[in-house]
Amino acid sequence: MDSALRDPHNGSAGARSPANGTTRPPSTPEGIALAYGSLLLMALLPIFFGALRSVRCARGKNASDMPETITSRDAARFPIIASCTLLGLYLFFKIFSQEYINLLLSMYFFVLGILALSHTISPFMSKFFPANFPNRQYQLLFTQGSGESKEEIINYEFDTKDLVCLGLSTIVGVWYLLRKHWIANNLFGLAFSVNGVELLHLNNVSTGCILLGGLFIYDVFWVFGTNVMVTVAKSFEAPIKLVFPQDLLEKGLEADNFAMLGLGDIVIPGIFIALLLRFDISLKKNTHTYFYTSFAAYIFGLGLTIFIMHIFKHAQPALLYLVPACVGFPVLVALAKGEVTEMFSYEDSNAKDPAAAAGSREGREASAPQGLEKKED
């Protein structure tokens with residue numbers, strides 16, 4: 001998982017050198033400001049819209065859009081799994097040909113990117129279809145076994161509009177596969193980020209603190225302690241990071257001197273911010289205090305990361321600044337409002353085990369008076 005903010009125009013992070021081996025001219029202050037401002041904006045968009053979509057996702061009943069819940073056990077294991085994956089990629093790039101590895105990864109992310117982008121743009125594109133558009137419903141169903149033992153493996157519902165979005169996304173995918181253009185890379189990266197924030201749900205705030213705390217250590221160690229993360233980020237040609245050229249003003253769309261931001265720096269804080277939005281809604285106070293606080297904290301943390309990196313001219317582990325901000329600011333607000341207990345006792349409704357919830361409800365109904373049963377229903 002790439003999770004550090006890098007400044008490839010300086011020697012610390014090492015951008016790809018021009019093909020003829022000449023030294024790249026330094027970026028202008030205007031170009032640097034444009035690049036980092038654009039990265040900041042691109043990071044905020046998937047967090048904001050992904051968080052809003054996570055609320056609808058939690059309320060939805062479509063099996064194809066059901067979120068994946070992260071428990072405290074998952075959160076504790078995630079930094080270990082991420083470290084093993086990162087180290088494995090590093091060794092692969094050291095042992096095997098980088099060209100063939102990236103070819104394989106390109107095909108993999110080509111398919112994933114098309115599906116992610118299609119799912120992301122589908123709600124927006126639906127508004128542009130005319131009312132008389134012949135929209136037919138389809139269902140992709142794979143089952144295992146027969147009779148009473150039949151089990152659903154895949155049950156995906158879609159329509160003609162989704163197929164149109166899939167076609168448009170395929171065009172972007174082919175563009176990325178053939179050209180590796182930074183705009184196509186960013187379209188896929190934004191789609192991955194929106195889907196991640198929308199579909200990955202933390203079950204409670206404590207789990208979020210465990211996840212962010214573990215990845216805080218992960219990020220600091222792999223960026224400051226070794227050159228593994230920076231090496232993988234430079235070698236890994238896949239849309240796992242957002243990039244923006246610092247020489248755009250000089251070279252236009254063919255610019256090649258990129259600043260970059262790993263998707264981990266967007267999705268990981270993003271799913272915590274989305275959880276706080278759902279917590280805000282659960283309070284039924286018609287305010288989104290914790291969401292806006294954590295969103296502002298993210299802006300502060302990422303802005304501080306960019307500032308420190310620019311001052312010291314060295315790649316920075318963004319979670320070093322984002323985690324204290326995104327966790328600390330909302331907790332301070334909760335302390336001021338006297339809602340710390342409510343915050344840490346909140347359980348995401350979607351994260352509960354349906355069987356356990358049903359059993360709990362049956363138990364309540366069995367022991368409750370008849371009048372309370374009807375009221376509870």
# chains A, B, ... in the order shown; residues from 1 in each chain; ligands from 1
>>> closest_atom_pairs(of="region 62-167 of chain A", to="region 41-53 of chain A", cutoff="12 Å", atoms="only C-alpha atoms", output="Markdown table")
| residue | atom | partner | partner_atom | distance |
| --- | --- | --- | --- | --- |
| A:Asp65 | CA | A:Arg53 | CA | 10.6 |
| A:Met66 | CA | A:Arg53 | CA | 11.8 |
| A:Pro67 | CA | A:Arg53 | CA | 10.8 |
| A:His119 | CA | A:Arg53 | CA | 11.5 |
| A:Thr120 | CA | A:Gly50 | CA | 9.3 |
| A:Ile121 | CA | A:Phe49 | CA | 11.6 |
| A:Pro123 | CA | A:Arg53 | CA | 10.0 |
| A:Phe124 | CA | A:Phe49 | CA | 11.6 |
>>> select_by_dssp(residues="region 81-145 of chain A", states="strand (DSSP E)", output="list in words")
Gln137, Tyr138, Gln139, Leu140, Leu141, Phe142, Thr143 and Gln144 of chain A
>>> closest_residue(among="A:Lys251, A:Ile81, A:Glu237, A:Gly37", to="Glu99 (chain A)", atoms="only C-alpha atoms")
A:Glu237
>>> atom_distance(atom1="CA of Phe291 (chain A)", atom2="CA of Val205 (chain A)")
12.8 Å
>>> closest_residue(among="A:Ser193, A:Asn257, A:Thr160, A:Thr341", to="Gly31 (chain A)", atoms="only C-alpha atoms")
A:Asn257
>>> residues_around(residues="Thr207 (chain A)", least_positions_apart="5", cutoff="9 Å", atoms="only C-alpha atoms", output="list in words")
Ile70, Thr71, Ser72, Arg73, Asp74, Ala75, Ala76, Leu202 and Leu212 of chain A
>>> atom_distance(atom1="CA of Ile183 (chain A)", atom2="CA of Leu263 (chain A)")
15.2 Å
>>> select_by_dssp(residues="region 133-356 of chain A", states="alpha helix (DSSP H)", output="ChimeraX atom specification")
/A:160-179,182-199,205-220,228-235,248-251,264-283,289-312,319-337,340-345,354-356
>>> atom_distance(atom1="CA of Lys127 (chain A)", atom2="CA of Leu242 (chain A)")
27.3 Å
>>> closest_residue(among="A:Leu249, A:Phe258, A:Val194, A:Cys165", to="His181 (chain A)", atoms="only C-alpha atoms")
A:Phe258
>>> closest_atom_pairs(of="region 93-204 of chain A", to="region 269-274 of chain A", cutoff="12 Å", atoms="only C-alpha atoms", output="Markdown table")
| residue | atom | partner | partner_atom | distance |
| --- | --- | --- | --- | --- |
| A:Ser193 | CA | A:Gly270 | CA | 8.6 |
| A:Val194 | CA | A:Gly270 | CA | 9.1 |
| A:Asn195 | CA | A:Ile271 | CA | 10.3 |
| A:Gly196 | CA | A:Ile271 | CA | 7.6 |
| A:Val197 | CA | A:Ile271 | CA | 4.9 |
| A:Glu198 | CA | A:Ile271 | CA | 7.6 |
| A:Leu199 | CA | A:Ile271 | CA | 8.7 |
| A:Leu200 | CA | A:Ile271 | CA | 6.6 |
| A:His201 | CA | A:Ile271 | CA | 6.4 |
| A:Leu202 | CA | A:Ile271 | CA | 6.9 |
| A:Asn203 | CA | A:Phe272 | CA | 10.0 |
| A:Asn204 | CA | A:Phe272 | CA | 9.1 |
>>> closest_residue(among="A:Ala296, A:Met229, A:Ala238, A:Leu177", to="Leu105 (chain A)", atoms="only C-alpha atoms")
A:Ala238
>>> closest_residue(among="A:Tyr36, A:Phe96, A:Phe133, A:Phe224", to="Met260 (chain A)", atoms="only C-alpha atoms")
A:Tyr36
>>> residues_around(residues="Leu187 (chain A)", least_positions_apart="5", cutoff="9 Å", atoms="only C-alpha atoms", output="mmCIF file with N, CA and C atoms, in the first residue's frame")
data_model
loop_
_atom_site.group_PDB
_atom_site.id
_atom_site.type_symbol
_atom_site.label_atom_id
_atom_site.label_comp_id
_atom_site.auth_asym_id
_atom_site.auth_seq_id
_atom_site.Cartn_x
_atom_site.Cartn_y
_atom_site.Cartn_z
ATOM 1 N N GLY A 113 -10.063 -1.216 -12.548
ATOM 2 C CA GLY A 113 -10.326 0.198 -12.773
ATOM 3 C C GLY A 113 -11.606 0.430 -13.552
ATOM 4 N N LEU A 117 -14.574 2.517 -11.898
ATOM 5 C CA LEU A 117 -14.998 3.764 -12.537
ATOM 6 C C LEU A 117 -16.456 3.686 -12.962
ATOM 7 N N VAL A 172 -11.716 4.594 -21.111
ATOM 8 C CA VAL A 172 -10.678 5.139 -20.234
ATOM 9 C C VAL A 172 -9.636 4.069 -19.922
ATOM 10 N N TRP A 182 -1.365 10.330 -17.261
ATOM 11 C CA TRP A 182 -1.625 10.682 -15.868
ATOM 12 C C TRP A 182 -3.093 11.016 -15.616
ATOM 13 N N PHE A 192 -11.147 4.356 -7.467
ATOM 14 C CA PHE A 192 -10.777 3.435 -6.387
ATOM 15 C C PHE A 192 -11.016 4.083 -5.021
ATOM 16 N N PRO A 239 -2.517 2.496 -11.020
ATOM 17 C CA PRO A 239 -3.244 3.653 -10.470
ATOM 18 C C PRO A 239 -3.512 3.529 -8.983
ATOM 19 N N LEU A 242 -2.446 9.196 -6.835
ATOM 20 C CA LEU A 242 -2.842 10.343 -7.648
ATOM 21 C C LEU A 242 -1.583 11.135 -7.982
#
>>> closest_residue(among="A:Lys337, A:Ser345, A:Leu276, A:Pro324", to="Val55 (chain A)", atoms="only C-alpha atoms")
A:Leu276
>>> residues_around(residues="region 316-318 of chain A", least_positions_apart="3", cutoff="9 Å", atoms="only C-alpha atoms", output="PyMOL selection string")
chain A and resi 3-7+216+219-224+261-262+265+301-302+304-306+308-309+321-323
>>> write_last_selection(atoms="N, CA and C atoms", output="CSV table (one decimal), in the first residue's frame")
chain,number,residue,atom,x,y,z
A,3,SER,N,1.5,4.9,0.7
A,3,SER,CA,0.8,5.8,1.7
A,3,SER,C,1.7,7.0,2.0
A,4,ALA,N,2.6,7.4,1.2
A,4,ALA,CA,3.4,8.6,1.5
A,4,ALA,C,3.3,9.6,0.4
A,5,LEU,N,3.4,10.9,0.8
A,5,LEU,CA,3.3,12.0,-0.1
A,5,LEU,C,4.8,12.2,-0.6
A,6,ARG,N,4.9,12.3,-1.9
A,6,ARG,CA,6.3,12.4,-2.5
A,6,ARG,C,6.4,13.6,-3.4
A,7,ASP,N,7.6,14.1,-3.4
A,7,ASP,CA,7.9,15.3,-4.3
A,7,ASP,C,9.0,14.8,-5.3
A,216,PHE,N,-0.4,4.3,11.2
A,216,PHE,CA,0.5,5.5,11.5
A,216,PHE,C,1.9,4.9,11.7
A,219,ASP,N,3.3,3.5,8.3
A,219,ASP,CA,3.7,4.6,7.4
A,219,ASP,C,5.1,5.2,7.8
A,220,VAL,N,5.2,5.5,9.1
A,220,VAL,CA,6.5,6.1,9.5
A,220,VAL,C,7.6,5.2,9.3
A,221,PHE,N,7.4,3.9,9.7
A,221,PHE,CA,8.5,2.9,9.6
A,221,PHE,C,9.0,2.7,8.1
A,222,TRP,N,8.1,2.5,7.2
A,222,TRP,CA,8.4,2.2,5.8
A,222,TRP,C,8.9,3.4,5.0
A,223,VAL,N,8.6,4.6,5.5
A,223,VAL,CA,9.1,5.8,4.8
A,223,VAL,C,10.4,6.3,5.4
A,224,PHE,N,10.5,6.4,6.7
A,224,PHE,CA,11.7,6.9,7.4
A,224,PHE,C,12.7,5.8,7.7
A,261,LEU,N,0.5,11.4,-4.6
A,261,LEU,CA,-0.2,11.1,-3.3
A,261,LEU,C,-0.7,9.7,-3.3
A,262,GLY,N,-0.3,8.9,-2.4
A,262,GLY,CA,-0.8,7.5,-2.4
A,262,GLY,C,-2.3,7.4,-2.0
A,265,ASP,N,-3.5,7.4,1.7
A,265,ASP,CA,-3.6,8.6,2.4
A,265,ASP,C,-5.0,9.2,2.2
A,301,GLY,N,-4.1,18.4,8.1
A,301,GLY,CA,-3.1,17.4,8.1
A,301,GLY,C,-2.3,17.3,6.8
A,302,LEU,N,-3.1,17.2,5.7
A,302,LEU,CA,-2.5,17.1,4.4
A,302,LEU,C,-1.7,18.4,4.0
A,304,LEU,N,-0.3,20.4,6.1
A,304,LEU,CA,0.9,20.3,6.9
A,304,LEU,C,2.0,19.4,6.3
A,305,THR,N,1.5,18.3,5.8
A,305,THR,CA,2.4,17.3,5.2
A,305,THR,C,3.1,17.9,4.0
A,306,ILE,N,2.3,18.6,3.1
A,306,ILE,CA,2.9,19.3,2.0
A,306,ILE,C,3.9,20.3,2.4
A,308,ILE,N,5.7,20.5,5.2
A,308,ILE,CA,6.9,19.9,5.8
A,308,ILE,C,7.8,19.3,4.7
A,309,MET,N,7.1,18.6,3.7
A,309,MET,CA,7.9,18.0,2.6
A,309,MET,C,8.6,19.1,1.8
A,321,TYR,N,0.9,12.9,9.9
A,321,TYR,CA,0.2,14.2,10.2
A,321,TYR,C,-1.3,14.0,10.2
A,322,LEU,N,-1.8,13.1,9.3
A,322,LEU,CA,-3.2,13.0,9.1
A,322,LEU,C,-3.9,12.2,10.3
A,323,VAL,N,-3.2,11.2,10.8
A,323,VAL,CA,-3.9,10.4,11.9
A,323,VAL,C,-4.1,11.3,13.2
